[in-house]
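In what follows, a structure is listed as structure tokens, so that the remarks can point back to it.
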Amino acid sequence: MVEQLKPFQVGFGIEGGAEALVHAIRRFCTAAHDEPMVLVKFDFKNAFNMLFRKFMLGEVKDICPELLPLLQQAYRLPSNLYFTDEPLFSKRGYQQGDPLGPPGFCIGIMRMTHSLLSRLNGWYLDDGTIGDVLPTVLGDIKKVLSFCDVSGLSLNANKCEVFFVNASAEDEARMYADISALLPGIKRVDESSLEILGSPIFELGLERMFSSKIESIRLMCDRLKLMDVHPALCIFRKSLSSCRFNYLLRSCRAFLLLDKLKAVDEIFRSTLEVISNAKVDGFSWDQASLPLSFGGMGIRKVEDLAVPAYLSSVYSSSNLSDKLLERFNLRIIDNDILHLIEEIPQEYIPDNDALKEVQKNWDLPRIKSKFSEMFDSSEPTARARLLASSTKESSKWLQVVPSSQLGLLLDNNSARIAVGLRLGCQLCEEHECLCGRNVKKDGLHGLSCNKSGGWISGHDEVNKIFSHAFSSAGFPNLVQPTGISRDDGKRPDGMTLIPWSHGRQILWDVTIKDTLAPSYINQSSKKAGSIADNAERYKHNHYIRLKENYLFTPIAFESLGSMGPETKIFIKKLGSIMRKASGEPRSMDYLLQKVSIAIQRRNSSCILGTLGRSRIDDFYLL
Ligand SMILES: [Zn+2]
């Protein structure tokens, strides 16, 4: 059916259909035509609800008979709508929310859309746009009007729009008079107000659109500060940051408005600063703007995304856009696009047209180069932080649903410290730790100080999480079992009560090491997870004797969330057993999320622990 609808109707079953239509219309409006052209945008009153049922079922019968039995069941007879006690009969159009509504509507108007003679003829569901010389456009408007008579649709002339291309003022006045004779009150739009599917066609309109979008995003971001840190961060990352601009960046030449893009990025930066209560600027903002897998917070700068988004959209929709423009002999990848690509460094350009269709292929080389640039210019502590934060498991706390019922909500201080540790922000004032050593503004001393206290509760929390994980995998277990001791006399952290494999129970031992401890920096600034890797090997030394009768696995994490290689393999195995036992496909992910949250709480507790009990008491007195 989708093939039948193509290329005139792009609103159903066609990926990137809206973008293709916008690109095609922009190309039409900016091309040098030999004669004056007219572009008309149709607007139907309450379109989906107006088609006559008999008409729409007739069209479905002829065009897509396989849908008919189902649609006949739904729409053959009027349905009842209740207002007070009197039923109203719903006799027209598709029911709101019906998944078959959009394809059914497309089928309903298909004969009309395909019969229009304008050389530019594109529809996104009920949003139709035609473009050609005046006589052809007038002929098509008449066709649409007579289609309205038989189908039940009606044009909302006041909301229809007309735009003239390559026309003098006199031409425009003459053409407008002819068109408004058919569509009285049709709105004449200029370069600053022509929009197709919410996307401005010219730079003038784009500037206006960005200004209003900036205002609305500022308002929404402002309201985030009324929320707690963790949920605010979640909403900000997932629905109020660059994703809000995705369609605009892909469908418009937004990269031309550098100052507006920078203004948007500045709102993002200050919002992150306000909601996380951590000073984010310069290096830390650059890091925050990287994707999670590169140690960032996934709050992408629109300035970085504008060119990759636009070019990938143009390439991915070029087949469809070219088809829409075929009768004008125009192509979407024109000299403008080629010039734009010429200005991009060769190493950022994907190798072939198929690769150019994917935004990631334009984006990734830039991200990689930015990451290397940041890494190379950093001192070892920042390098270790960047490497550890780039591991998959280190960002799990940012991906959780921040819910206290699920035990996945970080309190405000823990969330602030989690952001600060990831981005290297100042976490406290310089002060003296309980151990007598000086704590710098980055607060890092607390993570490796024995006196700060938080590491004990952190360790126990992670141990409990693994005990529960073993239980839900079907292995009853004991935490810190008595009666068996390691080579150094201490107890293991846990033991299953039934054999794990080879007829043997498994012992486990949890450890959390500080990625940024001064004694580890030399190593952790070269390879992510290397401190946990060392810890795993070290743990094995304590179990030489016990390993004669038991299996053993170390469970080693680092304060910035990365884990050791053996831990990674073991968690994968445990996750797959949990998945089989519980039927929950994301079991392993949930386990890692819980661990990640526990580690962030531990970090927070360690760092606040350096302030000393008396100072915390002072806070309560205040
Ligand atoms: Zn200390």
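Chain labels run A, B, ... following the order of the structure tokens; each chain numbers its residues from 1, and ligands are numbered from 1 in the order shown.
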
- Item | Test item: residues lying within 9 Å of ligand 1 with only C-alpha atoms and all ligand atoms, as number ranges by chain | A: 432-439, 445-452, 609-610

Within 10 Å of stretch 253-261 of chain A, counting only C-alpha atoms, which residues qualify if same-chain residues fewer than 4 places away don't, as a PDB file with N, CA and C atoms, in the first residue's frame?
ATOM      1  N   PRO A 200      10.308  26.095   8.870  1.00  0.00           N
ATOM      2  CA  PRO A 200      10.416  27.282   8.027  1.00  0.00           C
ATOM      3  C   PRO A 200      11.255  26.982   6.781  1.00  0.00           C
ATOM      4  N   ILE A 201      10.820  27.530   5.645  1.00  0.00           N
ATOM      5  CA  ILE A 201      11.509  27.231   4.389  1.00  0.00           C
ATOM      6  C   ILE A 201      12.702  28.162   4.178  1.00  0.00           C
ATOM      7  N   PHE A 202      12.573  29.415   4.594  1.00  0.00           N
ATOM      8  CA  PHE A 202      13.669  30.382   4.392  1.00  0.00           C
ATOM      9  C   PHE A 202      14.315  30.768   5.720  1.00  0.00           C
ATOM     10  N   GLU A 203      15.529  31.324   5.598  1.00  0.00           N
ATOM     11  CA  GLU A 203      16.282  31.680   6.813  1.00  0.00           C
ATOM     12  C   GLU A 203      15.542  32.700   7.688  1.00  0.00           C
ATOM     13  N   LEU A 206      13.196  30.943   9.750  1.00  0.00           N
ATOM     14  CA  LEU A 206      13.914  30.088  10.699  1.00  0.00           C
ATOM     15  C   LEU A 206      14.357  30.907  11.913  1.00  0.00           C
ATOM     16  N   GLU A 207      14.801  32.129  11.631  1.00  0.00           N
ATOM     17  CA  GLU A 207      15.262  33.001  12.719  1.00  0.00           C
ATOM     18  C   GLU A 207      14.112  33.267  13.701  1.00  0.00           C
ATOM     19  N   PHE A 210      13.291  30.096  15.635  1.00  0.00           N
ATOM     20  CA  PHE A 210      14.264  29.815  16.689  1.00  0.00           C
ATOM     21  C   PHE A 210      14.044  30.728  17.886  1.00  0.00           C
ATOM     22  N   SER A 211      13.739  32.010  17.597  1.00  0.00           N
ATOM     23  CA  SER A 211      13.531  32.940  18.709  1.00  0.00           C
ATOM     24  C   SER A 211      12.375  32.485  19.578  1.00  0.00           C
ATOM     25  N   ILE A 214      13.331  29.313  21.461  1.00  0.00           N
ATOM     26  CA  ILE A 214      14.259  29.603  22.561  1.00  0.00           C
ATOM     27  C   ILE A 214      13.475  30.060  23.790  1.00  0.00           C
ATOM     28  N   PHE A 245      15.007  19.882  19.368  1.00  0.00           N
ATOM     29  CA  PHE A 245      15.348  20.602  18.145  1.00  0.00           C
ATOM     30  C   PHE A 245      15.645  19.668  16.984  1.00  0.00           C
ATOM     31  N   LEU A 248      13.818  20.233  13.649  1.00  0.00           N
ATOM     32  CA  LEU A 248      14.202  21.521  13.066  1.00  0.00           C
ATOM     33  C   LEU A 248      15.625  21.453  12.499  1.00  0.00           C
ATOM     34  N   LEU A 249      16.518  20.819  13.238  1.00  0.00           N
ATOM     35  CA  LEU A 249      17.905  20.720  12.778  1.00  0.00           C
ATOM     36  C   LEU A 249      17.994  19.878  11.513  1.00  0.00           C
ATOM     37  N   ASP A 265      22.413  26.488  23.210  1.00  0.00           N
ATOM     38  CA  ASP A 265      23.383  25.718  23.989  1.00  0.00           C
ATOM     39  C   ASP A 265      23.640  26.356  25.352  1.00  0.00           C
ATOM     40  N   GLU A 266      23.654  27.682  25.369  1.00  0.00           N
ATOM     41  CA  GLU A 266      23.879  28.374  26.637  1.00  0.00           C
ATOM     42  C   GLU A 266      22.713  28.099  27.610  1.00  0.00           C
ATOM     43  N   ILE A 267      21.498  28.009  27.064  1.00  0.00           N
ATOM     44  CA  ILE A 267      20.361  27.670  27.937  1.00  0.00           C
ATOM     45  C   ILE A 267      20.560  26.259  28.503  1.00  0.00           C
ATOM     46  N   LYS A 301      25.180  19.550  22.166  1.00  0.00           N
ATOM     47  CA  LYS A 301      25.049  20.954  21.759  1.00  0.00           C
ATOM     48  C   LYS A 301      24.395  20.977  20.378  1.00  0.00           C
ATOM     49  N   VAL A 302      23.386  21.826  20.216  1.00  0.00           N
ATOM     50  CA  VAL A 302      22.745  21.891  18.894  1.00  0.00           C
ATOM     51  C   VAL A 302      23.727  22.434  17.863  1.00  0.00           C
ATOM     52  N   GLU A 303      24.682  23.214  18.325  1.00  0.00           N
ATOM     53  CA  GLU A 303      25.704  23.744  17.410  1.00  0.00           C
ATOM     54  C   GLU A 303      26.497  22.594  16.763  1.00  0.00           C
ATOM     55  N   ASP A 304      26.759  21.554  17.541  1.00  0.00           N
ATOM     56  CA  ASP A 304      27.508  20.411  17.006  1.00  0.00           C
ATOM     57  C   ASP A 304      26.636  19.531  16.115  1.00  0.00           C
ATOM     58  N   LEU A 305      25.331  19.542  16.377  1.00  0.00           N
ATOM     59  CA  LEU A 305      24.449  18.604  15.664  1.00  0.00           C
ATOM     60  C   LEU A 305      23.908  19.162  14.352  1.00  0.00           C
ATOM     61  N   ALA A 306      23.932  20.511  14.215  1.00  0.00           N
ATOM     62  CA  ALA A 306      23.200  21.134  13.101  1.00  0.00           C
ATOM     63  C   ALA A 306      23.624  20.591  11.731  1.00  0.00           C
ATOM     64  N   VAL A 307      24.925  20.587  11.456  1.00  0.00           N
ATOM     65  CA  VAL A 307      25.371  20.141  10.126  1.00  0.00           C
ATOM     66  C   VAL A 307      25.137  18.631   9.934  1.00  0.00           C
ATOM     67  N   PRO A 308      25.568  17.766  10.883  1.00  0.00           N
ATOM     68  CA  PRO A 308      25.300  16.334  10.695  1.00  0.00           C
ATOM     69  C   PRO A 308      23.811  16.031  10.516  1.00  0.00           C
ATOM     70  N   ALA A 309      22.951  16.705  11.297  1.00  0.00           N
ATOM     71  CA  ALA A 309      21.514  16.419  11.222  1.00  0.00           C
ATOM     72  C   ALA A 309      20.978  16.805   9.852  1.00  0.00           C
ATOM     73  N   TYR A 310      21.335  17.997   9.372  1.00  0.00           N
ATOM     74  CA  TYR A 310      20.793  18.463   8.094  1.00  0.00           C
ATOM     75  C   TYR A 310      21.300  17.593   6.937  1.00  0.00           C
ATOM     76  N   LEU A 311      22.604  17.358   6.903  1.00  0.00           N
ATOM     77  CA  LEU A 311      23.142  16.605   5.761  1.00  0.00           C
ATOM     78  C   LEU A 311      22.617  15.169   5.728  1.00  0.00           C
TER      79      LEU A 311
END

- Query: What's the 12 Å shell around stretch 20-22 of chain A, counting only C-alpha atoms, without same-chain residues fewer than 4 positions away, as a PyMOL selection string?
  - Reply: chain A and resi 6-11+14-16+26-29+120-125+127-130+194-202+247-248+250-253+310+312-325+331-333

- As a check of understanding: the span from atom CA of A:Ser457 to atom CA of A:Ser525 is 27.1 Å

- Message: What's the separation between atom CA of A:Ile607 and atom CA of A:Ile456, in Å to one decimal place?
- Response: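 Separation between atom CA of A:Ile607 and atom CA of A:Ile456: 13.1 Å.
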
- Query: Between atom CA of A:Asp190 and atom CA of A:Val162, what is the distance, to one decimal in Å?
  - Reply: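 So the answer is 8.8 Å.
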
- Nearest candidate to A:Asn412 (options A:Pro231, A:Ile341, A:Met112, A:Lys568; using only C-alpha atoms):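 Result for the nearest residue to A:Asn412: A:Pro231.
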
DSSP on the backbone: what in stretch 297-539 of chain A comes out strand (DSSP E), as a PDB file with C-alpha atoms, in the first residue's frame?
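Below is the file that was written, selection_16.pdb:
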ATOM      1  CA  HIS A 431      38.720  21.784  54.356  1.00  0.00           C
ATOM      2  CA  GLU A 432      40.473  19.427  56.714  1.00  0.00           C
ATOM      3  CA  ASN A 438      43.549  18.549  53.407  1.00  0.00           C
ATOM      4  CA  VAL A 439      40.503  18.012  51.149  1.00  0.00           C
ATOM      5  CA  ASN A 477      22.652 -17.631  49.373  1.00  0.00           C
ATOM      6  CA  LEU A 478      24.236 -16.389  52.561  1.00  0.00           C
ATOM      7  CA  VAL A 479      25.840 -12.997  53.036  1.00  0.00           C
ATOM      8  CA  GLY A 494      28.669 -14.249  50.102  1.00  0.00           C
ATOM      9  CA  MET A 495      28.130 -17.843  49.148  1.00  0.00           C
ATOM     10  CA  THR A 496      25.390 -19.678  47.283  1.00  0.00           C
ATOM     11  CA  ILE A 506      30.222 -20.147  44.397  1.00  0.00           C
ATOM     12  CA  LEU A 507      31.788 -17.588  46.760  1.00  0.00           C
ATOM     13  CA  TRP A 508      31.898 -13.934  45.859  1.00  0.00           C
ATOM     14  CA  ASP A 509      33.774 -10.945  47.151  1.00  0.00           C
ATOM     15  CA  VAL A 510      32.761  -7.358  46.440  1.00  0.00           C
ATOM     16  CA  THR A 511      35.211  -4.494  46.251  1.00  0.00           C
ATOM     17  CA  ILE A 512      34.912  -0.871  45.140  1.00  0.00           C
ATOM     18  CA  LYS A 513      38.151   0.930  44.367  1.00  0.00           C
TER      19      LYS A 513
END

- Message: At a cut-off of 12 Å, using only C-alpha atoms, what residues contact A:Trp285? Leave out same-chain residues fewer than 5 positions from it and give the result as a list in words.
- Response: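 Listed by chain and then number, they are Asp265, Glu266, Ile267, Phe268, Arg269, Ser270, Thr271, Leu272, Glu273, Ala278, Lys279, Val280, Leu290, Gly295, Gly296, Met297, Gly298, Ile299, Arg300, Lys301, Met374, Val419, Gly420, Arg422, Leu423, Gly424 and Cys425 of chain A.
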
May I have the residues from that selection written out with C-alpha atoms, as a PDB file, in the first residue's frame?
ATOM      1  CA  ASP A 265      23.383  25.718  23.989  1.00  0.00           C
ATOM      2  CA  GLU A 266      23.879  28.374  26.637  1.00  0.00           C
ATOM      3  CA  ILE A 267      20.361  27.670  27.937  1.00  0.00           C
ATOM      4  CA  PHE A 268      21.231  23.969  28.095  1.00  0.00           C
ATOM      5  CA  ARG A 269      24.467  24.694  29.942  1.00  0.00           C
ATOM      6  CA  SER A 270      22.929  27.008  32.499  1.00  0.00           C
ATOM      7  CA  THR A 271      20.007  24.612  33.012  1.00  0.00           C
ATOM      8  CA  LEU A 272      22.390  21.770  33.760  1.00  0.00           C
ATOM      9  CA  GLU A 273      24.234  24.070  36.142  1.00  0.00           C
ATOM     10  CA  ALA A 278      27.263  22.121  40.138  1.00  0.00           C
ATOM     11  CA  LYS A 279      29.348  24.697  38.307  1.00  0.00           C
ATOM     12  CA  VAL A 280      29.451  23.496  34.698  1.00  0.00           C
ATOM     13  CA  LEU A 290      29.373  14.415  24.617  1.00  0.00           C
ATOM     14  CA  GLY A 295      31.981  10.202  29.128  1.00  0.00           C
ATOM     15  CA  GLY A 296      29.417  12.968  28.646  1.00  0.00           C
ATOM     16  CA  MET A 297      25.918  13.539  29.939  1.00  0.00           C
ATOM     17  CA  GLY A 298      24.302  13.141  26.508  1.00  0.00           C
ATOM     18  CA  ILE A 299      23.182  16.788  26.499  1.00  0.00           C
ATOM     19  CA  ARG A 300      24.310  17.434  22.963  1.00  0.00           C
ATOM     20  CA  LYS A 301      25.049  20.954  21.759  1.00  0.00           C
ATOM     21  CA  MET A 374      40.024  16.857  25.385  1.00  0.00           C
ATOM     22  CA  VAL A 419      27.288  14.978  38.184  1.00  0.00           C
ATOM     23  CA  GLY A 420      30.271  16.768  39.702  1.00  0.00           C
ATOM     24  CA  ARG A 422      31.575  12.736  36.234  1.00  0.00           C
ATOM     25  CA  LEU A 423      32.368  16.224  34.953  1.00  0.00           C
ATOM     26  CA  GLY A 424      35.160  17.155  37.351  1.00  0.00           C
ATOM     27  CA  CYS A 425      33.338  20.064  38.994  1.00  0.00           C
TER      28      CYS A 425
END

Within stretch 213-447 of chain A, find each residue whose DSSP state, derived from the backbone, is helix (DSSP H, G or I), and express the selection as an mmCIF file with C-alpha atoms, in the first residue's frame.
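As written to disk, states-v6.cif reads:
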data_model
loop_
_atom_site.group_PDB
_atom_site.id
_atom_site.type_symbol
_atom_site.label_atom_id
_atom_site.label_comp_id
_atom_site.auth_asym_id
_atom_site.auth_seq_id
_atom_site.Cartn_x
_atom_site.Cartn_y
_atom_site.Cartn_z
ATOM 1 C CA LYS A 213 11.482 28.159 20.413
ATOM 2 C CA ILE A 214 14.259 29.603 22.561
ATOM 3 C CA GLU A 215 11.676 31.381 24.678
ATOM 4 C CA SER A 216 9.584 28.255 25.183
ATOM 5 C CA ILE A 217 12.607 26.064 25.957
ATOM 6 C CA ARG A 218 13.863 28.672 28.431
ATOM 7 C CA LEU A 219 10.515 28.635 30.202
ATOM 8 C CA MET A 220 10.407 24.838 30.385
ATOM 9 C CA CYS A 221 14.023 24.601 31.551
ATOM 10 C CA ASP A 222 13.306 27.257 34.174
ATOM 11 C CA ARG A 223 10.556 25.114 35.634
ATOM 12 C CA LEU A 224 12.918 22.163 36.014
ATOM 13 C CA VAL A 229 17.893 16.998 40.925
ATOM 14 C CA HIS A 230 17.689 13.413 39.725
ATOM 15 C CA PRO A 231 14.220 13.499 38.088
ATOM 16 C CA ALA A 232 14.952 16.963 36.680
ATOM 17 C CA LEU A 233 18.136 15.636 35.091
ATOM 18 C CA CYS A 234 16.243 12.702 33.636
ATOM 19 C CA ILE A 235 13.552 14.896 32.056
ATOM 20 C CA PHE A 236 16.106 17.432 30.874
ATOM 21 C CA ARG A 237 18.284 14.835 29.181
ATOM 22 C CA LYS A 238 15.516 12.836 27.610
ATOM 23 C CA SER A 239 12.982 15.389 26.515
ATOM 24 C CA LEU A 240 14.035 18.992 26.962
ATOM 25 C CA SER A 242 18.701 18.805 21.907
ATOM 26 C CA CYS A 243 15.992 16.230 21.104
ATOM 27 C CA ARG A 244 13.514 19.148 21.122
ATOM 28 C CA PHE A 245 15.348 20.602 18.145
ATOM 29 C CA ASN A 246 15.922 17.386 16.262
ATOM 30 C CA TYR A 247 13.278 17.872 13.579
ATOM 31 C CA LEU A 248 14.202 21.521 13.066
ATOM 32 C CA LEU A 249 17.905 20.720 12.778
ATOM 33 C CA ARG A 250 17.222 17.943 10.288
ATOM 34 C CA SER A 251 14.717 19.754 8.135
ATOM 35 C CA ALA A 254 19.785 25.844 11.122
ATOM 36 C CA PHE A 255 23.600 25.801 10.937
ATOM 37 C CA LEU A 256 23.385 29.234 9.291
ATOM 38 C CA LEU A 258 25.178 30.163 14.660
ATOM 39 C CA ASP A 259 24.309 32.815 17.244
ATOM 40 C CA LYS A 260 20.860 31.279 17.821
ATOM 41 C CA LEU A 261 22.369 27.804 18.170
ATOM 42 C CA LYS A 262 24.871 29.142 20.689
ATOM 43 C CA ALA A 263 22.024 30.796 22.599
ATOM 44 C CA VAL A 264 20.215 27.450 22.808
ATOM 45 C CA ASP A 265 23.383 25.718 23.989
ATOM 46 C CA GLU A 266 23.879 28.374 26.637
ATOM 47 C CA ILE A 267 20.361 27.670 27.937
ATOM 48 C CA PHE A 268 21.231 23.969 28.095
ATOM 49 C CA ARG A 269 24.467 24.694 29.942
ATOM 50 C CA SER A 270 22.929 27.008 32.499
ATOM 51 C CA THR A 271 20.007 24.612 33.012
ATOM 52 C CA LEU A 272 22.390 21.770 33.760
ATOM 53 C CA GLU A 273 24.234 24.070 36.142
ATOM 54 C CA VAL A 274 21.056 25.133 37.914
ATOM 55 C CA ILE A 275 19.397 21.744 38.251
ATOM 56 C CA SER A 276 22.527 19.864 39.271
ATOM 57 C CA GLY A 282 34.484 25.289 29.858
ATOM 58 C CA PHE A 283 35.916 21.797 29.938
ATOM 59 C CA SER A 284 33.120 20.291 32.038
ATOM 60 C CA TRP A 285 30.447 21.670 29.683
ATOM 61 C CA ASP A 286 32.339 20.319 26.680
ATOM 62 C CA GLN A 287 32.408 16.950 28.388
ATOM 63 C CA ALA A 288 28.719 17.123 29.342
ATOM 64 C CA LEU A 292 27.191 8.968 27.430
ATOM 65 C CA SER A 293 29.525 6.515 25.698
ATOM 66 C CA PHE A 294 32.174 9.232 25.477
ATOM 67 C CA VAL A 302 22.745 21.891 18.894
ATOM 68 C CA GLU A 303 25.704 23.744 17.410
ATOM 69 C CA ASP A 304 27.508 20.411 17.006
ATOM 70 C CA LEU A 305 24.449 18.604 15.664
ATOM 71 C CA ALA A 306 23.200 21.134 13.101
ATOM 72 C CA VAL A 307 25.371 20.141 10.126
ATOM 73 C CA PRO A 308 25.300 16.334 10.695
ATOM 74 C CA ALA A 309 21.514 16.419 11.222
ATOM 75 C CA TYR A 310 20.793 18.463 8.094
ATOM 76 C CA LEU A 311 23.142 16.605 5.761
ATOM 77 C CA SER A 312 22.053 13.142 6.887
ATOM 78 C CA SER A 313 18.426 14.179 6.465
ATOM 79 C CA VAL A 314 19.057 15.488 2.946
ATOM 80 C CA TYR A 315 20.875 12.321 1.919
ATOM 81 C CA SER A 316 18.396 9.930 3.526
ATOM 82 C CA SER A 317 15.430 11.646 1.908
ATOM 83 C CA SER A 318 17.060 12.419 -1.433
ATOM 84 C CA ASN A 319 15.379 9.547 -3.327
ATOM 85 C CA LEU A 320 11.925 10.606 -2.274
ATOM 86 C CA SER A 321 12.591 14.337 -2.607
ATOM 87 C CA ASP A 322 14.029 13.816 -6.098
ATOM 88 C CA LYS A 323 10.927 11.867 -7.030
ATOM 89 C CA LEU A 324 8.743 14.759 -5.822
ATOM 90 C CA LEU A 325 10.822 17.197 -7.884
ATOM 91 C CA GLU A 326 11.308 14.959 -10.896
ATOM 92 C CA ARG A 327 8.878 16.877 -13.118
ATOM 93 C CA PHE A 328 10.863 20.050 -12.547
ATOM 94 C CA ASN A 335 25.564 22.742 -5.601
ATOM 95 C CA ASP A 336 24.686 24.349 -2.264
ATOM 96 C CA ILE A 337 24.876 21.007 -0.533
ATOM 97 C CA LEU A 338 28.080 20.068 -2.335
ATOM 98 C CA HIS A 339 29.673 23.404 -1.360
ATOM 99 C CA LEU A 340 28.638 22.855 2.221
ATOM 100 C CA ILE A 341 30.290 19.442 2.197
ATOM 101 C CA GLU A 342 33.452 20.882 0.647
ATOM 102 C CA GLN A 346 37.648 15.270 4.783
ATOM 103 C CA GLU A 347 37.928 13.023 7.843
ATOM 104 C CA TYR A 348 34.407 14.006 8.981
ATOM 105 C CA ASP A 353 26.171 7.993 -0.111
ATOM 106 C CA ALA A 354 24.674 5.093 1.844
ATOM 107 C CA LEU A 355 26.748 6.014 4.906
ATOM 108 C CA LYS A 356 25.856 9.672 4.432
ATOM 109 C CA GLN A 359 23.373 11.073 11.150
ATOM 110 C CA LYS A 360 25.704 9.106 13.394
ATOM 111 C CA ASN A 361 28.202 8.694 10.544
ATOM 112 C CA TRP A 362 28.563 12.480 10.245
ATOM 113 C CA ASP A 363 28.507 12.982 13.990
ATOM 114 C CA LEU A 364 30.761 10.242 15.314
ATOM 115 C CA PRO A 365 34.074 11.373 13.766
ATOM 116 C CA ARG A 366 33.550 14.850 15.271
ATOM 117 C CA ILE A 367 32.771 13.371 18.678
ATOM 118 C CA LYS A 368 35.827 11.145 18.520
ATOM 119 C CA SER A 369 38.075 14.006 17.573
ATOM 120 C CA LYS A 370 36.649 16.225 20.310
ATOM 121 C CA PHE A 371 37.137 13.448 22.840
ATOM 122 C CA SER A 372 40.769 12.890 21.798
ATOM 123 C CA GLU A 373 41.412 16.613 21.860
ATOM 124 C CA MET A 374 40.024 16.857 25.385
ATOM 125 C CA PHE A 375 41.879 13.738 26.469
ATOM 126 C CA ASP A 376 45.213 14.867 25.053
ATOM 127 C CA PRO A 380 46.089 12.506 34.377
ATOM 128 C CA THR A 381 43.148 12.862 36.809
ATOM 129 C CA ALA A 382 40.899 14.259 34.086
ATOM 130 C CA ARG A 383 42.101 11.545 31.713
ATOM 131 C CA ALA A 384 41.217 8.834 34.205
ATOM 132 C CA ARG A 385 37.826 10.456 34.709
ATOM 133 C CA LEU A 386 37.150 10.638 30.973
ATOM 134 C CA LEU A 387 38.153 7.024 30.415
ATOM 135 C CA ALA A 388 36.157 5.638 33.338
ATOM 136 C CA SER A 389 33.089 7.734 32.475
ATOM 137 C CA LYS A 392 28.876 1.663 29.480
ATOM 138 C CA GLU A 393 28.267 0.762 33.107
ATOM 139 C CA SER A 394 29.414 4.129 34.485
ATOM 140 C CA SER A 395 26.408 6.005 33.089
ATOM 141 C CA LYS A 396 23.699 3.586 34.234
ATOM 142 C CA TRP A 397 22.603 5.959 37.011
ATOM 143 C CA LEU A 398 21.758 8.501 34.323
ATOM 144 C CA GLN A 399 19.545 6.024 32.503
ATOM 145 C CA ASN A 412 19.803 15.915 45.728
ATOM 146 C CA ASN A 413 23.273 15.872 47.247
ATOM 147 C CA SER A 414 24.129 12.464 45.803
ATOM 148 C CA ALA A 415 22.911 13.499 42.356
ATOM 149 C CA ARG A 416 24.895 16.755 42.545
ATOM 150 C CA ILE A 417 28.022 14.859 43.560
ATOM 151 C CA ALA A 418 27.429 12.251 40.849
ATOM 152 C CA VAL A 419 27.288 14.978 38.184
ATOM 153 C CA GLY A 420 30.271 16.768 39.702
ATOM 154 C CA LEU A 421 32.410 13.639 39.826
ATOM 155 C CA ARG A 422 31.575 12.736 36.234
ATOM 156 C CA LEU A 423 32.368 16.224 34.953
ATOM 157 C CA HIS A 445 40.100 12.721 48.915
ATOM 158 C CA GLY A 446 36.894 11.381 50.516
ATOM 159 C CA LEU A 447 36.602 8.601 47.945
#

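Nearest residue to A:Asn166 among A:Thr30, A:Ser501, A:Asn603, A:Ser485 is A:Thr30, counting only C-alpha atoms.
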
Which residues, written as a JSON list (two decimals) with N, CA and C atoms, in the first residue's frame, have at least one atom at most 10 Å from A:Leu134, with only C-alpha atoms counted and residues fewer than 3 positions away on the same chain left out?
[["chain", "number", "residue", "atom", "x", "y", "z"],
["A", 35, "GLU", "N", 9.55, 30.83, -15.28],
["A", 35, "GLU", "CA", 8.33, 31.65, -15.21],
["A", 35, "GLU", "C", 7.83, 31.71, -13.76],
["A", 36, "PRO", "N", 6.93, 32.64, -13.48],
["A", 36, "PRO", "CA", 6.43, 32.76, -12.11],
["A", 36, "PRO", "C", 5.74, 31.48, -11.67],
["A", 37, "MET", "N", 5.97, 31.10, -10.44],
["A", 37, "MET", "CA", 5.39, 29.86, -9.90],
["A", 37, "MET", "C", 4.51, 30.18, -8.70],
["A", 38, "VAL", "N", 3.55, 29.31, -8.48],
["A", 38, "VAL", "CA", 2.65, 29.48, -7.34],
["A", 38, "VAL", "C", 2.73, 28.23, -6.47],
["A", 39, "LEU", "N", 2.80, 28.46, -5.17],
["A", 39, "LEU", "CA", 2.79, 27.34, -4.23],
["A", 39, "LEU", "C", 1.54, 27.49, -3.37],
["A", 118, "SER", "N", -0.25, 19.45, -10.96],
["A", 118, "SER", "CA", 0.88, 20.31, -10.59],
["A", 118, "SER", "C", 2.14, 19.46, -10.51],
["A", 131, "GLY", "N", 2.61, 22.97, -6.32],
["A", 131, "GLY", "CA", 3.35, 24.10, -6.87],
["A", 131, "GLY", "C", 3.52, 23.95, -8.37],
["A", 137, "VAL", "N", -2.12, 25.21, -11.31],
["A", 137, "VAL", "CA", -2.52, 25.26, -9.90],
["A", 137, "VAL", "C", -4.01, 25.54, -9.78],
["A", 138, "LEU", "N", -4.50, 26.45, -10.61],
["A", 138, "LEU", "CA", -5.94, 26.76, -10.56],
["A", 138, "LEU", "C", -6.77, 25.52, -10.89],
["A", 139, "GLY", "N", -6.31, 24.78, -11.91],
["A", 139, "GLY", "CA", -7.01, 23.55, -12.31],
["A", 139, "GLY", "C", -7.05, 22.57, -11.15],
["A", 140, "ASP", "N", -5.93, 22.46, -10.43],
["A", 140, "ASP", "CA", -5.86, 21.51, -9.32],
["A", 140, "ASP", "C", -6.73, 21.95, -8.15],
["A", 164, "PHE", "N", 4.37, 32.97, -3.71],
["A", 164, "PHE", "CA", 4.76, 33.13, -5.12],
["A", 164, "PHE", "C", 6.28, 33.05, -5.27],
["A", 175, "MET", "N", -2.05, 37.03, -9.88],
["A", 175, "MET", "CA", -2.23, 35.61, -9.57],
["A", 175, "MET", "C", -3.03, 35.44, -8.29],
["A", 176, "TYR", "N", -2.77, 36.34, -7.32],
["A", 176, "TYR", "CA", -3.49, 36.23, -6.05],
["A", 176, "TYR", "C", -5.00, 36.43, -6.26],
["A", 178, "ASP", "N", -6.70, 35.74, -8.95],
["A", 178, "ASP", "CA", -7.26, 34.53, -9.56],
["A", 178, "ASP", "C", -7.47, 33.42, -8.54],
["A", 179, "ILE", "N", -6.47, 33.27, -7.65],
["A", 179, "ILE", "CA", -6.56, 32.18, -6.68],
["A", 179, "ILE", "C", -7.62, 32.48, -5.63]]
